[in-house]
Each structure stands twice: as structure tokens, then as C-alpha cells.
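*Asks:* Structure provided below as C-alpha cells; questions to follow.
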Amino acid sequence: MSDLSIKKVVVANRGEIAQRIIRAAKELGIKSVALYSEPDRDSLPVAMADEAYCIGPGPGIHSYLNIANIISAALVSGSDAIHPGYGFLAENPYFAEICSSHGIKFVGPNYDAMSRIGSKALAKQIMAECGLDVIPGTPSIIEDMDEAREFAAKYGFPVMIKAQAGGGGKGMRIAYDIDELAECIKFAQAEAEASFGVPGVYLERYFKGAKHVEVQILVDEQGNAIQLGERDCSVQRGHQKLIEESPSPVLDEDIRQAMGRAALQGAKAIGYSNAGTVEFLVDSEGRFYFLEMNARIQVEHPVTELVTGIDIVKAQFIIASGEPLPFRQEDVDVKGHAIECRICAEDPERGFVPTPGVVSRLILPGGPWVRVDTALYQGCYIPPYYDSLIAKVVAWGNSRDEAILRMARALDEFTIEGISTNISFQRRLIGSLAFRQAEICCDSDVLALVFGGRH
Amino acid sequence: MSDLSIKKVVVANRGEIAQRIIRAAKELGIKSVALYSEPDRDSLPVAMADEAYCIGPGPGIHSYLNIANIISAALVSGSDAIHPGYGFLAENPYFAEICSSHGIKFVGPNYDAMSRIGSKALAKQIMAECGLDVIPGTPSIIEDMDEAREFAAKYGFPVMIKAQAGGGGKGMRIAYDIDELAECIKFAQAEAEASFGVPGVYLERYFKGAKHVEVQILVDEQGNAIQLGERDCSVQRGHQKLIEESPSPVLDEDIRQAMGRAALQGAKAIGYSNAGTVEFLVDSEGRFYFLEMNARIQVEHPVTELVTGIDIVKAQFIIASGEPLPFRQEDVDVKGHAIECRICAEDPERGFVPTPGVVSRLILPGGPWVRVDTALYQGCYIPPYYDSLIAKVVAWGNSRDEAILRMARALDEFTIEGISTNISFQRRLIGSLAFRQAEICCDSDVLALVFGGRH
Amino acid sequence: MELKDIRREMAGFAKLMNTYDISELELELEGLTMKLKKQAGVSRPVIAEVEAKEAREDNLLTITAPMVGTFYRAPAPDEQPYISVGDVVMPGQTVCIIEAMKIMNEIQSEVQGKVVEILVDNAEPVEYGQPLFILETV
Amino acid sequence: MELKDIRREMAGFAKLMNTYDISELELELEGLTMKLKKQAGVSRPVIAEVEAKEAREDNLLTITAPMVGTFYRAPAPDEQPYISVGDVVMPGQTVCIIEAMKIMNEIQSEVQGKVVEILVDNAEPVEYGQPLFILETV
């Protein structure tokens, strides 16, 4: 039985992150309630949790986004908290508010902080006011083409177009000259509308050869704030992260310290609590600019866990229970290097088309300093409704080189039959000289790197 | 391609330790050659290695102990080294000598050191001469009952009877009074003869409520020696280790330091090189006595790896290649706590009878700070010829309590169908108050702890 | 037929087995017997479907919960249940209440039939898709 | 009906099995028997056994390596091979040498038969149990 005020938590998510949350809850003595859609009935989180409730049919909108059924499940199961994971309802301030109005603790920041972060323009304004360098952009969503042209004239091309409500690379376009600007904006608006229900887009200055570096923070409800160092997530395909690592191989110690301070300053200005991430763009001269803040646990949190020894999901429960953080900044000691590869049910040979289906054979990598977060098992079914992420392989080493070699052997061991995956794509990426030398930037063509002339 | 002088290694073992060695070789760029008996043809190490040779039928004596076939395989495959793992030929000095005479590097200590360690009486004599407290015992194997009675009269009962050539609890008996002394010696001699081909036994003083604590050392061929802290292996059943942890929960810092110094002193006196373990008995007053030395990688090495961050099997290859150790004593930093549970194909409900067979369903534990070393896969066959150890689950935590809770949830996740295993036995042991309070000693009745009145 | 002809055909069969995930094949034809056995490892529970099929075969219908919540058989604690075993239910008739997020949702039957079993006790939690009543078509 | 016709029909049946989640199919029609089974738990290659059976059925015998080492067909590089295709081998006759640990081991046949195939090239490494020669019983 948990010593914390939270005794029973509803996990409002699926797959590996649902499993991750249940694991943390178990280690804290918190009872866990899995929620699942019909096709997820035989999934591992359902088997692992203390209780489980079906909340609807396959499509997310009817199940993992069905607020009424999720809140009902929390109430009928007598739970006192809901952990949203990432995606789905994780960054929906209204959901947090509904939880709160039903007396259920939302494991994350409060409504106000979430709202401020959710409005990217407001978040940037707050950060700028508290002294951070913010990536130059239009002050809010653009209303007409004149605004766009004016911005492009001031900062030059290329120009980045981003959805106000965006995430995961959706509603994002890069315009390389004035001729394609209007068309790119139209495209991004249409995609934003389709993905998030709102078409609003804004413009940002685009940096060539930049790195994506983010700082993990923990803030308790007493206002104690610490940062757990940074993650470098520059290896992306179409703005979707592929490989993440900690520490960043390109930051020097001065920039690292400055970035950590900036992240804590920003979180304070936002009024943040619980685990969060402050994202920065690092340009080719080593200057860093605030991009946005993520008010949730992130896919790539394990790399930070492995270099610090701190369990971030457990920390989320401790904070949400109203307890002060059990460690201080001086206790945070980054040791070695960790790398994560995202393994997805998609076929790199056929344009990364998703590949739902039954896993007919499975051998997971293991052994020293290899961590696998996955809800896969031999015979499991991967439904077509959700994100294609099916496993995260994380390797730790005393040095970055050791971590790379360990990751290579782990990916060599990883066998999935029945569906196509990106395992061998990731294996080639990890084995590339460009990755070894930390030369891959957000705008690098990783497909050319892996497929060479063939692509 | 490896930077080391060793370029290709024959792995003269099977199961999880063969896989462990192949993993280390891969991370170092060393090519690996798996050897396998006929029933192991479809095993994971065979699939993982760069090459594989069948060396005989199932029984170990015809395959994994078949020196001619093993050396032949090394020669025809053009390998320059042999790693023996543990068990089988790992502590056979003649095998090490044969390797050497064929120009093949044996990954372990040299013939002389192995011989000295192999003769337990000689090892104890050397240790006593260099100043270590040695467990009181007969100076050599006992020739007649008068000797035995004399020893018992001097130290009192109970008396421990041990095989000269022993290991793994075979040829071991405890005599509680003068009446059973003769019979126990006869039993032990018969078992020793059956297990090792030689009946010689010696007597040792028996300590009630003692702990088994061992120190992991690394010595390079230049004579640089470091110790990686201790492992507590007091949780045993019939002298067979069940659970191991590092650091020991019962040592204070002074004893820990003294024991580490004693281990290095002893290793130096023996003329040891490569990875080894110096075993001590710690009595209920905190005094420690040299028991024996193990000239090989040990089953429980992962707990030391997880608290130090040092890859012991990689270190074995580096040392065997003639390189100096890449770290010094002051680089060794023990962080947190690690626990290992041995998972065996045996049925605790039926007297721990081995349970060979086909694994029809398998879900391995995973996620944060849980390491699994295993050659299991769903559908694999566990042959009846070998040791019943099929998996090692290792959990790391910032504290011992955190590691215990993590191990508990890992064992809850571990699902094996098709054969009986000791998973739920280990789960109950880990969850017991006696284990939590570190009260289990070498002579504790763990069966009573787990089964209570039922046993 | 010669061995090599059979072997050539076997390759074809084996390929098909791969394509269609067939693990065992036995064939007998004019004195030839062929047995092929393959790997595999896939298991998908179909109990829910089987039950549904059985139910259909027996002219039984199931009313399932359209939402998560607390199941109530009557509009209020001191009132009569909406339906009881033996009652005939008509389409559109209210059969129970499910309380979700403090709102009482009246659940209506979409089918016609006689109530043969009530599967959930009053005031019990129900999940989405959970069977509540079994009706017999009349 | 020929095997290849059956194979074509089998594809159709297999597709249906997939579509309707059928795990086993048995058919009998005018002297033809066909059984198909899908999915299972365990995978172990049986190729070796199949080969052995085929070999036995065809009166073929296999001589396998009794040890690991290097295979030599002749006592010395400039000498004739012990046996060649077409030779009849008698029990006890030396058929090759396997060099193991610098020792030349003469390998004798335990059976009688005509050599139909030599499966390993001279000076190649062989593992325990590896097929070396195929003989036809005479």
C-alpha cells in the first residue's frame, strides 16, 4: 500500500507508456487501473494492471479520447488520480480541469499552466519577458498573406510554418522562397485543421543545420524546481524524432549550464509544476532559442533516467501527491551516456507506411545496460488505429561510443516477424559515420544517409 | 573490427552466459564462434554468433566438456581465443594449458594460478601466509576418522564436510554431532566421487548465522589490480545461491574496505590475473574468513556491473588481450543497489525437480532498471542435460528498498508457460520480511520462509 | 510421379504455407502421402466472437453497455426495475440507467425480445461493451 | 488431379482460412485427403529429420563427421582420395581423415554402399554430425 496520498491511478493511455506508468505505480504501491479500447483487450497493460475497463471501440476518438468514459471509469473504480501519459488527452487543459472538478488528481501541471503552454504564442511571450531568447516568429497566428510576406522580408527564407495547436510534425511546412509561401501556408492550415480541428498557423524563422535540444525539469507543488540535464533529439524524419540521447554531444559545459538555468527560469514564469520539458533550438553557432514547452512525460524520458538514476514517472506521482521532491539539484549527477531508438511498426522500404498486424515471432534485445520499453509479446496484435511506436530500445554506456556500440548489438538482436518495422533502418542510422560524429541536424536528410543512392 | 589483439573468440559454453560473452564480444568488435551440442542447435547464442560449430551430442561430457572438439573448432575457425564462461571447463587448468599450447588465448588466469586456486587447501595456505583470516579446517583431505574426530574435538560441532574438487554444493554435508560424523563423511565422499571423480573431502569449522560475501576483482597482466566491491550471496538453498546483491546490506564501511584490501592481497599472493572472485564467510560478529577463490566469471557478476557501470566481461577480453586495465581503483564508484534472482527450470512444489521442455509462452520483464540475461525465447526447448538456470533477473535501485520493490514488479511481469519454474518462489522470497530486513543467512531455511507451515 | 517432382511441388506448398501462415499440411493422393509442419506462434483469443456466434445461433441477443459507468436497474432506489426476467422488451424501451460523470443515462433497447438473464447486479460498475441483458427473440 | 492443381486450390482454401480465421481444415474428395492447420506455439526446424527420412526411403545412407576438425579426402596431398563417387565402400573401410588438434583421425565407414555424393570439399572444416558422404545401399 502506497505511503503517498495517491492510492489508485487510472492510466488513460495505451501501449508502452501505459505499461511504463503501471510499472512506476506498482513500485510505489499504487493500485493501477488500465483503460482499453476493444482491439487492445489482450494487451499487456491490461494484463499487468490491478483492474481494467473497456472504454470504447478502436478509434481513439471513441476510446482514449472519450473523456466521459475515462472519468466514469475513474469514478466507478474508486481511483483518486489519472495519469494521461503522452498524446491523447495529455496536454488537454480542459481534461485536467474536468479531473479536478471530479476530485481526481490529474498527474501533470494545473489548468492554468497547461493553458499558457498550450497557446504557443503566449508561452513564447512569457519566456521572452523573463529573459529567454525566443525563436523569432509572428506574434500570433497569421490572418493574411501580407503579414506572412512582411515576416519573410524581415527574416529571409526559408520560413517555417507551424500549426498553433500542433505537435508531432503535423501542420508543419517549410517555405524556401516567396513563390511557395502562400501554397505552404494553405497546406499547413489544411493539415492543422484535419489533425487538430483548428487551422491557425504561425511563422517562425528557420535555422539551417540546427540541433533540437530539450531540458527535462521537475517542479514540485511547493515550487522546488530541478533540471535533469538535456536530451538531444536532432535525429528526425519529417519533424518526427527517431533517436534521442543524453547528454547532447554538441553542447559545451557553459551552454549546458545556461540552458538548464533558462529552462528553470521559464518554468517558474509559466507557473509550472510536475515533470515537463523545455525545448530549445541550438543554431550552428551554439546560440539557443526557446521553441516550446511540453507539459507531460515525453517518449524519450528514459535516456534522462538512465544517466541520472532518477525515475521520472515515479517523481510525477510523488509531486502529484503533494510531496516535496526527494532530491535537490546537487543530488543530480549525470553519469555516462544514453541513447534511445524508437522502433515503429512501419515499412521504411515503402515510404514508412504503417504496418499493423500480428507479431508472429519476437526476440527482444537484453543483457547489460539495454532497456526495452514495449508492450509487445509474441502473438500480440498491433491495431491500425494508433501511433506506430511499438518499442523503445535504450542503451547506456560509460561513453557515447560505448552506448552506440551497445545499441548496435541490441538492434542486431531485436527480431520481429509478422510485420515490417524500422529496426534495420535504425540499425543503419546508428552505424552511420554521421551519427557517430554527431553531425545529424534537424534538417539532415536521414533517408539519404540510410538508403544512399537508392533513395 | 576489434582494436584488441583478440579478433575472434570461441565461446565454450551455452545458454545465458554464452549469450553474455557474445554480447561483450560484439560490442568490442570481436568475432564470435558459438559451440553447441545437438539439442542446442536452435539456441539463441548459435543464432547470435558470427559462426557456430556442433561439437557433439547432448550430454556435456560428449560436447561442452569435449576438449578435442572444442580445440578443433577453435583451430578450424581460425579463432585466437576461447572464453570458457562458468561451469564446464571454466576452472580446468589442463584445458587452459591445452589452449595455450595450441596458441589460443584462454580468457582467464594462467595454468599456475588456476592450479593453486583449484587445490583449495593450497589456496587457503597461501592466503593464511599473506595474512588473511582463513576459515579453520583440516590442512588437507582427511585420511582417517581419527583426524576428523580430532578436528571436531578442537572446534566443536557442527562441522562442515566439503569436497576437495567441489562446487555448487555437491559433496557437501554438515555433521551436527559425533554420532553422524562418520556417516556424513561417507556420504560426502560418495557424492564427490560421483560428481567430480575424486572422493577426497576435508573438514571446516561451521559458523551458524553466517553470511556469504565475495569480492569481485580485476587484475591485468601488468599486475594492476582493482576490486569492484562485494556481493552478498547469503540467500541459498542447499548451498546453491538463489539471490545475490551488491553492496552487502550487512557490512559496515570499515569491514568493506578491509575485505576489499584482503581480496587484492590474496589475489596478488596467488599470482592471479583476469576477473576473479574472492569468497569470504562473515560470522555473526562481523569477522570475515577466506573461504575460496573462483577463477572465472560468476553467475552473479551483473549485480556488480549495475552498481559500478563496469562491464566485467569486456574487461576480461581487454585483460586477455594483454592491455592494461582502462580504469583505476579511484574510478570505481558504487552507486545504488542491485539484486539478482536466479530463475531456474525446476518445480519448487515437487522438491525442485528439473523441468526440461518447450517454453510455449514467454513474457520477459523489462522497463526501467531491470536487466534480464537469458537465452529463452518463445518456442525454445530446454534440454534435460544441463544446469537448470534459464534466466537472471537483475534490478537496480537508488536504495536497497527501491531495488526490492523493482524486483518484485519484475518477477510479477515474468511469464513462462510450458514448464514449471521457480519464479513465484523467488517472488515470495523477495517479498518476505526476512529478506527485506537482510536477516537471511547461509543456513536459513528459505523453504520454511516461503512455504511456511505447508513445507 | 518421381521424388524430384514431389520436391518441386513441395516447394510450392511450402511457399503457400508461408504466405498464408499455415503450420501443418497433410495430403493424400493416389498412394502419395505428404505431411508438412511449420513453426508459428500466433494466438488470438476469439472467445468474444465465439460467444457472439453462439448467441446468434441460439436466437439469443445481448444488450451491451454503450458507456462506462454504474449500472442501475431502476430509475430510483425505491422504484421498480425497468425490466425483469420474463418481460418482453420492445425497441426504444428503457432497460436500465448507467450513471456516468454524475449524469443518469437511460439506456434503450435497440431490439425486441424476452428477457432471459440479467448479467449485472444493481449499482455495479460496467465497462464499455459489457453484456447487461440476454434476450430471446420472440 | 495432379499435385500442382491441388496446390492452386490450396491457395484458395488458405485465403479463405485467413479471411474467416479458420485454424484447421480437413477435406476428403474422391481419393484425395487434405488437412491444413494454422498457428501453433512451438517452432523447431525439422529439415534434418525430413532429409533423414527421404534418405532412408530412397535407400540412401549418410556418413557424418564423428568429431570437429578439418576434412581430408586423401592420406596426403599428393595421394589418391580414399574414396570417390561410384566406389563401393565396405564396413571398416577408411573413407577420409579428420584432423583434430593436429592429430590425423582416420574415419571408417560403419556401413556398406556405393558412394553417390561427396558433400564436403577437401581441407574444409566440418562440425560434429555434419554429413560427409551419401551412399546408396547395394
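Residue numbers start at 1 in each chain; chains themselves are named A, B, ... in the order of the C-alpha cells; ligands are numbered from 1 in the order shown.
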Please report as an NGL selection string which residues of chain B come no farther than 9 Å from chain C, using only C-alpha atoms.
*Replies:* :B and (360-361 or 378-379)
*Asks:* Can those selected residues be exported to a file as a tab-separated table (two decimals), in the first residue's frame so that it contains N, CA, C and O atoms?
*Replies:*
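Listing of selection.tsv after writing:
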chain	number	residue	atom	x	y	z
B	360	SER	N	6.21	-22.54	-24.09
B	360	SER	CA	5.14	-22.27	-25.05
B	360	SER	C	4.69	-20.82	-25.05
B	360	SER	O	4.10	-20.35	-26.00
B	361	ARG	N	4.97	-20.12	-23.97
B	361	ARG	CA	4.63	-18.70	-23.92
B	361	ARG	C	5.66	-18.01	-23.03
B	361	ARG	O	6.05	-18.57	-22.01
B	378	GLN	N	10.26	-17.61	-26.98
B	378	GLN	CA	9.01	-18.37	-27.03
B	378	GLN	C	9.14	-19.48	-28.08
B	378	GLN	O	9.44	-19.20	-29.24
B	379	GLY	N	8.94	-20.70	-27.65
B	379	GLY	CA	9.09	-21.84	-28.56
B	379	GLY	C	10.39	-22.58	-28.35
B	379	GLY	O	10.59	-23.63	-28.94
*Asks:* I'd like the neighbourhood of D:Ala123 as a PDB file with N, CA and C atoms, in the first residue's frame, where a residue qualifies if any of its atoms comes within 10 Å (using only C-alpha atoms), though same-chain residues fewer than 6 positions away should be ignored.
*Replies:*
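Written output follows (out_9.pdb):
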ATOM      1  N   VAL B  76      39.935 -24.773 -36.600  1.00  0.00           N
ATOM      2  CA  VAL B  76      39.378 -24.698 -37.959  1.00  0.00           C
ATOM      3  C   VAL B  76      38.676 -23.367 -38.212  1.00  0.00           C
TER       4      VAL B  76
ATOM      5  N   GLY D  69      36.731 -30.900 -36.965  1.00  0.00           N
ATOM      6  CA  GLY D  69      38.099 -30.819 -37.460  1.00  0.00           C
ATOM      7  C   GLY D  69      38.143 -30.459 -38.934  1.00  0.00           C
ATOM      8  N   THR D  70      39.279 -30.721 -39.554  1.00  0.00           N
ATOM      9  CA  THR D  70      39.444 -30.435 -40.972  1.00  0.00           C
ATOM     10  C   THR D  70      39.359 -31.746 -41.760  1.00  0.00           C
ATOM     11  N   PHE D  71      38.546 -31.702 -42.790  1.00  0.00           N
ATOM     12  CA  PHE D  71      38.234 -32.900 -43.591  1.00  0.00           C
ATOM     13  C   PHE D  71      39.258 -33.067 -44.716  1.00  0.00           C
ATOM     14  N   TYR D  72      39.847 -34.262 -44.792  1.00  0.00           N
ATOM     15  CA  TYR D  72      40.758 -34.554 -45.918  1.00  0.00           C
ATOM     16  C   TYR D  72      40.330 -35.835 -46.606  1.00  0.00           C
ATOM     17  N   ARG D  73      40.293 -35.797 -47.922  1.00  0.00           N
ATOM     18  CA  ARG D  73      39.829 -36.968 -48.683  1.00  0.00           C
ATOM     19  C   ARG D  73      40.941 -38.003 -48.886  1.00  0.00           C
ATOM     20  N   ALA D  74      42.202 -37.555 -48.735  1.00  0.00           N
ATOM     21  CA  ALA D  74      43.326 -38.449 -49.032  1.00  0.00           C
ATOM     22  C   ALA D  74      44.292 -38.459 -47.857  1.00  0.00           C
ATOM     23  N   PRO D  77      48.532 -34.885 -49.390  1.00  0.00           N
ATOM     24  CA  PRO D  77      48.109 -34.022 -50.500  1.00  0.00           C
ATOM     25  C   PRO D  77      48.363 -34.631 -51.890  1.00  0.00           C
ATOM     26  N   ILE D  97      39.990 -38.526 -43.686  1.00  0.00           N
ATOM     27  CA  ILE D  97      40.702 -38.164 -42.465  1.00  0.00           C
ATOM     28  C   ILE D  97      40.086 -36.886 -41.917  1.00  0.00           C
ATOM     29  N   ILE D  98      39.918 -36.823 -40.608  1.00  0.00           N
ATOM     30  CA  ILE D  98      39.580 -35.531 -39.986  1.00  0.00           C
ATOM     31  C   ILE D  98      40.719 -35.161 -39.042  1.00  0.00           C
ATOM     32  N   GLU D  99      41.312 -34.009 -39.332  1.00  0.00           N
ATOM     33  CA  GLU D  99      42.406 -33.538 -38.483  1.00  0.00           C
ATOM     34  C   GLU D  99      41.819 -32.751 -37.321  1.00  0.00           C
TER      35      GLU D  99
END
*Asks:* So, counting only C-alpha atoms, which residue among D:Leu27, D:Ile118, D:Val126, D:Met34 is closest to chain C?
*Replies:* D:Met34
*Asks:* I'd like the neighbourhood of stretch 211-214 of chain A as a list in words, where a residue qualifies if any of its atoms comes within 6 Å (using only C-alpha atoms), though same-chain residues fewer than 2 positions away should be ignored.
*Replies:*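 Those residues are Glu230, Arg231, Asp232, Cys233, Ser234, Val278, Glu279, Phe280, Leu281, Val282, Cys441 and Cys442 of chain A.
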*Asks:* Work out how far apart atom CA of B:Arg427 and atom CA of B:Phe414 are and give it in Å to one decimal.
*Replies:*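 Atom-to-atom, atom CA of B:Arg427 to atom CA of B:Phe414, that is 10.2 Å.
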*Asks:* Residues near stretch 117-134 of chain B, anyone? I mean within 8 Å using only C-alpha atoms, not counting same-chain ones fewer than 5 positions away, as a list of chain:residue names.
*Replies:*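 Final neighbour list, sorted by chain and number: B:Glu91, B:Pro139, B:Ser140, B:Gln164, B:Ala165, B:Ala262, B:Gln265, B:Gly266, B:Ala269, B:Ile270, B:Phe288, B:Tyr289, B:Phe290, B:Leu291, B:Glu292, B:Met293, B:Asn294, B:Ala295.
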*Asks:* May I have the residues from that selection written out with N, CA, C and O atoms, as a PDB file, in the first residue's frame?
*Replies:*
ATOM      1  N   GLU B  91      37.133 -23.896 -14.929  1.00  0.00           N
ATOM      2  CA  GLU B  91      38.165 -23.903 -13.889  1.00  0.00           C
ATOM      3  C   GLU B  91      39.074 -25.123 -14.017  1.00  0.00           C
ATOM      4  O   GLU B  91      39.638 -25.592 -13.039  1.00  0.00           O
ATOM      5  N   PRO B 139      44.108 -29.381   7.293  1.00  0.00           N
ATOM      6  CA  PRO B 139      45.073 -28.821   6.336  1.00  0.00           C
ATOM      7  C   PRO B 139      44.971 -29.460   4.947  1.00  0.00           C
ATOM      8  O   PRO B 139      45.383 -28.869   3.960  1.00  0.00           O
ATOM      9  N   SER B 140      44.411 -30.673   4.861  1.00  0.00           N
ATOM     10  CA  SER B 140      44.242 -31.298   3.551  1.00  0.00           C
ATOM     11  C   SER B 140      43.102 -32.293   3.667  1.00  0.00           C
ATOM     12  O   SER B 140      42.397 -32.308   4.672  1.00  0.00           O
ATOM     13  N   GLN B 164      37.053 -31.766  -1.923  1.00  0.00           N
ATOM     14  CA  GLN B 164      38.267 -31.089  -2.369  1.00  0.00           C
ATOM     15  C   GLN B 164      38.068 -30.483  -3.754  1.00  0.00           C
ATOM     16  O   GLN B 164      38.458 -29.368  -4.033  1.00  0.00           O
ATOM     17  N   ALA B 165      37.390 -31.248  -4.620  1.00  0.00           N
ATOM     18  CA  ALA B 165      37.206 -30.813  -6.006  1.00  0.00           C
ATOM     19  C   ALA B 165      35.862 -30.133  -6.200  1.00  0.00           C
ATOM     20  O   ALA B 165      35.409 -29.974  -7.323  1.00  0.00           O
ATOM     21  N   ALA B 262      41.892  -7.186   1.575  1.00  0.00           N
ATOM     22  CA  ALA B 262      42.267  -8.592   1.753  1.00  0.00           C
ATOM     23  C   ALA B 262      42.158  -9.344   0.435  1.00  0.00           C
ATOM     24  O   ALA B 262      43.026 -10.169   0.086  1.00  0.00           O
ATOM     25  N   GLN B 265      45.064  -8.462  -1.784  1.00  0.00           N
ATOM     26  CA  GLN B 265      46.260  -9.067  -1.199  1.00  0.00           C
ATOM     27  C   GLN B 265      46.334 -10.550  -1.578  1.00  0.00           C
ATOM     28  O   GLN B 265      47.371 -11.048  -2.020  1.00  0.00           O
ATOM     29  N   GLY B 266      45.205 -11.236  -1.402  1.00  0.00           N
ATOM     30  CA  GLY B 266      45.145 -12.653  -1.715  1.00  0.00           C
ATOM     31  C   GLY B 266      45.389 -12.921  -3.194  1.00  0.00           C
ATOM     32  O   GLY B 266      46.144 -13.842  -3.561  1.00  0.00           O
ATOM     33  N   ALA B 269      48.977 -12.699  -3.950  1.00  0.00           N
ATOM     34  CA  ALA B 269      49.734 -13.844  -3.436  1.00  0.00           C
ATOM     35  C   ALA B 269      49.563 -15.070  -4.332  1.00  0.00           C
ATOM     36  O   ALA B 269      50.490 -15.860  -4.511  1.00  0.00           O
ATOM     37  N   ILE B 270      48.384 -15.203  -4.922  1.00  0.00           N
ATOM     38  CA  ILE B 270      48.088 -16.346  -5.801  1.00  0.00           C
ATOM     39  C   ILE B 270      48.759 -16.159  -7.165  1.00  0.00           C
ATOM     40  O   ILE B 270      48.982 -17.126  -7.902  1.00  0.00           O
ATOM     41  N   PHE B 288      35.490 -11.703   9.193  1.00  0.00           N
ATOM     42  CA  PHE B 288      35.385 -12.423   7.916  1.00  0.00           C
ATOM     43  C   PHE B 288      36.573 -13.346   7.706  1.00  0.00           C
ATOM     44  O   PHE B 288      37.693 -13.062   8.118  1.00  0.00           O
ATOM     45  N   TYR B 289      36.303 -14.483   7.071  1.00  0.00           N
ATOM     46  CA  TYR B 289      37.280 -15.556   6.858  1.00  0.00           C
ATOM     47  C   TYR B 289      37.317 -15.903   5.374  1.00  0.00           C
ATOM     48  O   TYR B 289      36.264 -16.054   4.748  1.00  0.00           O
ATOM     49  N   PHE B 290      38.504 -16.085   4.840  1.00  0.00           N
ATOM     50  CA  PHE B 290      38.650 -16.528   3.451  1.00  0.00           C
ATOM     51  C   PHE B 290      38.077 -17.928   3.298  1.00  0.00           C
ATOM     52  O   PHE B 290      38.398 -18.836   4.083  1.00  0.00           O
ATOM     53  N   LEU B 291      37.232 -18.114   2.296  1.00  0.00           N
ATOM     54  CA  LEU B 291      36.634 -19.420   2.007  1.00  0.00           C
ATOM     55  C   LEU B 291      37.327 -20.092   0.830  1.00  0.00           C
ATOM     56  O   LEU B 291      37.901 -21.150   0.932  1.00  0.00           O
ATOM     57  N   GLU B 292      37.224 -19.438  -0.329  1.00  0.00           N
ATOM     58  CA  GLU B 292      37.897 -19.940  -1.524  1.00  0.00           C
ATOM     59  C   GLU B 292      37.903 -18.851  -2.568  1.00  0.00           C
ATOM     60  O   GLU B 292      37.302 -17.788  -2.386  1.00  0.00           O
ATOM     61  N   MET B 293      38.596 -19.126  -3.670  1.00  0.00           N
ATOM     62  CA  MET B 293      38.641 -18.152  -4.754  1.00  0.00           C
ATOM     63  C   MET B 293      38.080 -18.800  -5.999  1.00  0.00           C
ATOM     64  O   MET B 293      38.288 -19.991  -6.248  1.00  0.00           O
ATOM     65  N   ASN B 294      37.322 -18.040  -6.814  1.00  0.00           N
ATOM     66  CA  ASN B 294      36.755 -18.544  -8.059  1.00  0.00           C
ATOM     67  C   ASN B 294      37.463 -17.902  -9.239  1.00  0.00           C
ATOM     68  O   ASN B 294      37.459 -16.683  -9.378  1.00  0.00           O
ATOM     69  N   ALA B 295      38.055 -18.749 -10.060  1.00  0.00           N
ATOM     70  CA  ALA B 295      38.908 -18.255 -11.151  1.00  0.00           C
ATOM     71  C   ALA B 295      38.125 -18.134 -12.449  1.00  0.00           C
ATOM     72  O   ALA B 295      38.493 -18.693 -13.470  1.00  0.00           O
TER      73      ALA B 295
END
*Asks:* What is the atom CA of A:Thr304-atom CA of A:Ser246 distance in Å, reported with one decimal?
*Replies:*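 Atom-to-atom, atom CA of A:Thr304 and atom CA of A:Ser246 are spaced 6.1 Å apart.
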*Asks:* Compare A:Phe451, A:Ser321, A:Arg173, A:Ala152 by their minimum atom-to-atom distance to A:Ile82, counting only C-alpha atoms, and give me the closest one.
*Replies:*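 Between A:Phe451, A:Ser321, A:Arg173, A:Ala152, the residue approaching A:Ile82 most closely is A:Ser321.
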*Asks:* Which of stretch 91-161 of chain B counts as strand (DSSP E or B) under DSSP, as a PyMOL selection string please?
*Replies:* chain B and resi 105-106+134+137+159-161
*Asks:* Only N, CA, C and O atoms, please: the residues just picked out, written as an mmCIF file, in the first residue's frame.
*Replies:*
data_model
loop_
_atom_site.group_PDB
_atom_site.id
_atom_site.type_symbol
_atom_site.label_atom_id
_atom_site.label_comp_id
_atom_site.auth_asym_id
_atom_site.auth_seq_id
_atom_site.Cartn_x
_atom_site.Cartn_y
_atom_site.Cartn_z
ATOM 1 N N LYS B 105 44.478 -18.054 -26.861
ATOM 2 C CA LYS B 105 44.439 -17.376 -25.570
ATOM 3 C C LYS B 105 43.227 -17.830 -24.769
ATOM 4 O O LYS B 105 42.090 -17.721 -25.240
ATOM 5 N N PHE B 106 43.462 -18.364 -23.590
ATOM 6 C CA PHE B 106 42.377 -18.732 -22.681
ATOM 7 C C PHE B 106 41.971 -17.474 -21.916
ATOM 8 O O PHE B 106 42.818 -16.844 -21.268
ATOM 9 N N VAL B 134 41.687 -17.250 7.659
ATOM 10 C CA VAL B 134 41.189 -18.327 6.813
ATOM 11 C C VAL B 134 40.241 -19.165 7.634
ATOM 12 O O VAL B 134 40.433 -19.329 8.843
ATOM 13 N N GLY B 137 40.121 -25.244 9.241
ATOM 14 C CA GLY B 137 39.784 -26.521 8.628
ATOM 15 C C GLY B 137 40.963 -27.463 8.675
ATOM 16 O O GLY B 137 42.063 -27.091 9.082
ATOM 17 N N VAL B 159 30.130 -29.446 12.169
ATOM 18 C CA VAL B 159 31.334 -29.456 11.343
ATOM 19 C C VAL B 159 30.904 -29.544 9.882
ATOM 20 O O VAL B 159 29.976 -30.286 9.554
ATOM 21 N N MET B 160 31.552 -28.786 9.028
ATOM 22 C CA MET B 160 31.225 -28.784 7.599
ATOM 23 C C MET B 160 32.167 -29.744 6.875
ATOM 24 O O MET B 160 33.382 -29.677 7.058
ATOM 25 N N ILE B 161 31.614 -30.620 6.020
ATOM 26 C CA ILE B 161 32.422 -31.531 5.220
ATOM 27 C C ILE B 161 32.323 -31.066 3.770
ATOM 28 O O ILE B 161 31.225 -30.842 3.256
#
*Asks:* Of the residues B:Asp401, B:Asp347, B:Glu97, B:Asp387, which is the one nearest to chain A, using only C-alpha atoms?
*Replies:*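 Residue with the minimum atom-to-atom distance to chain A: B:Asp401.
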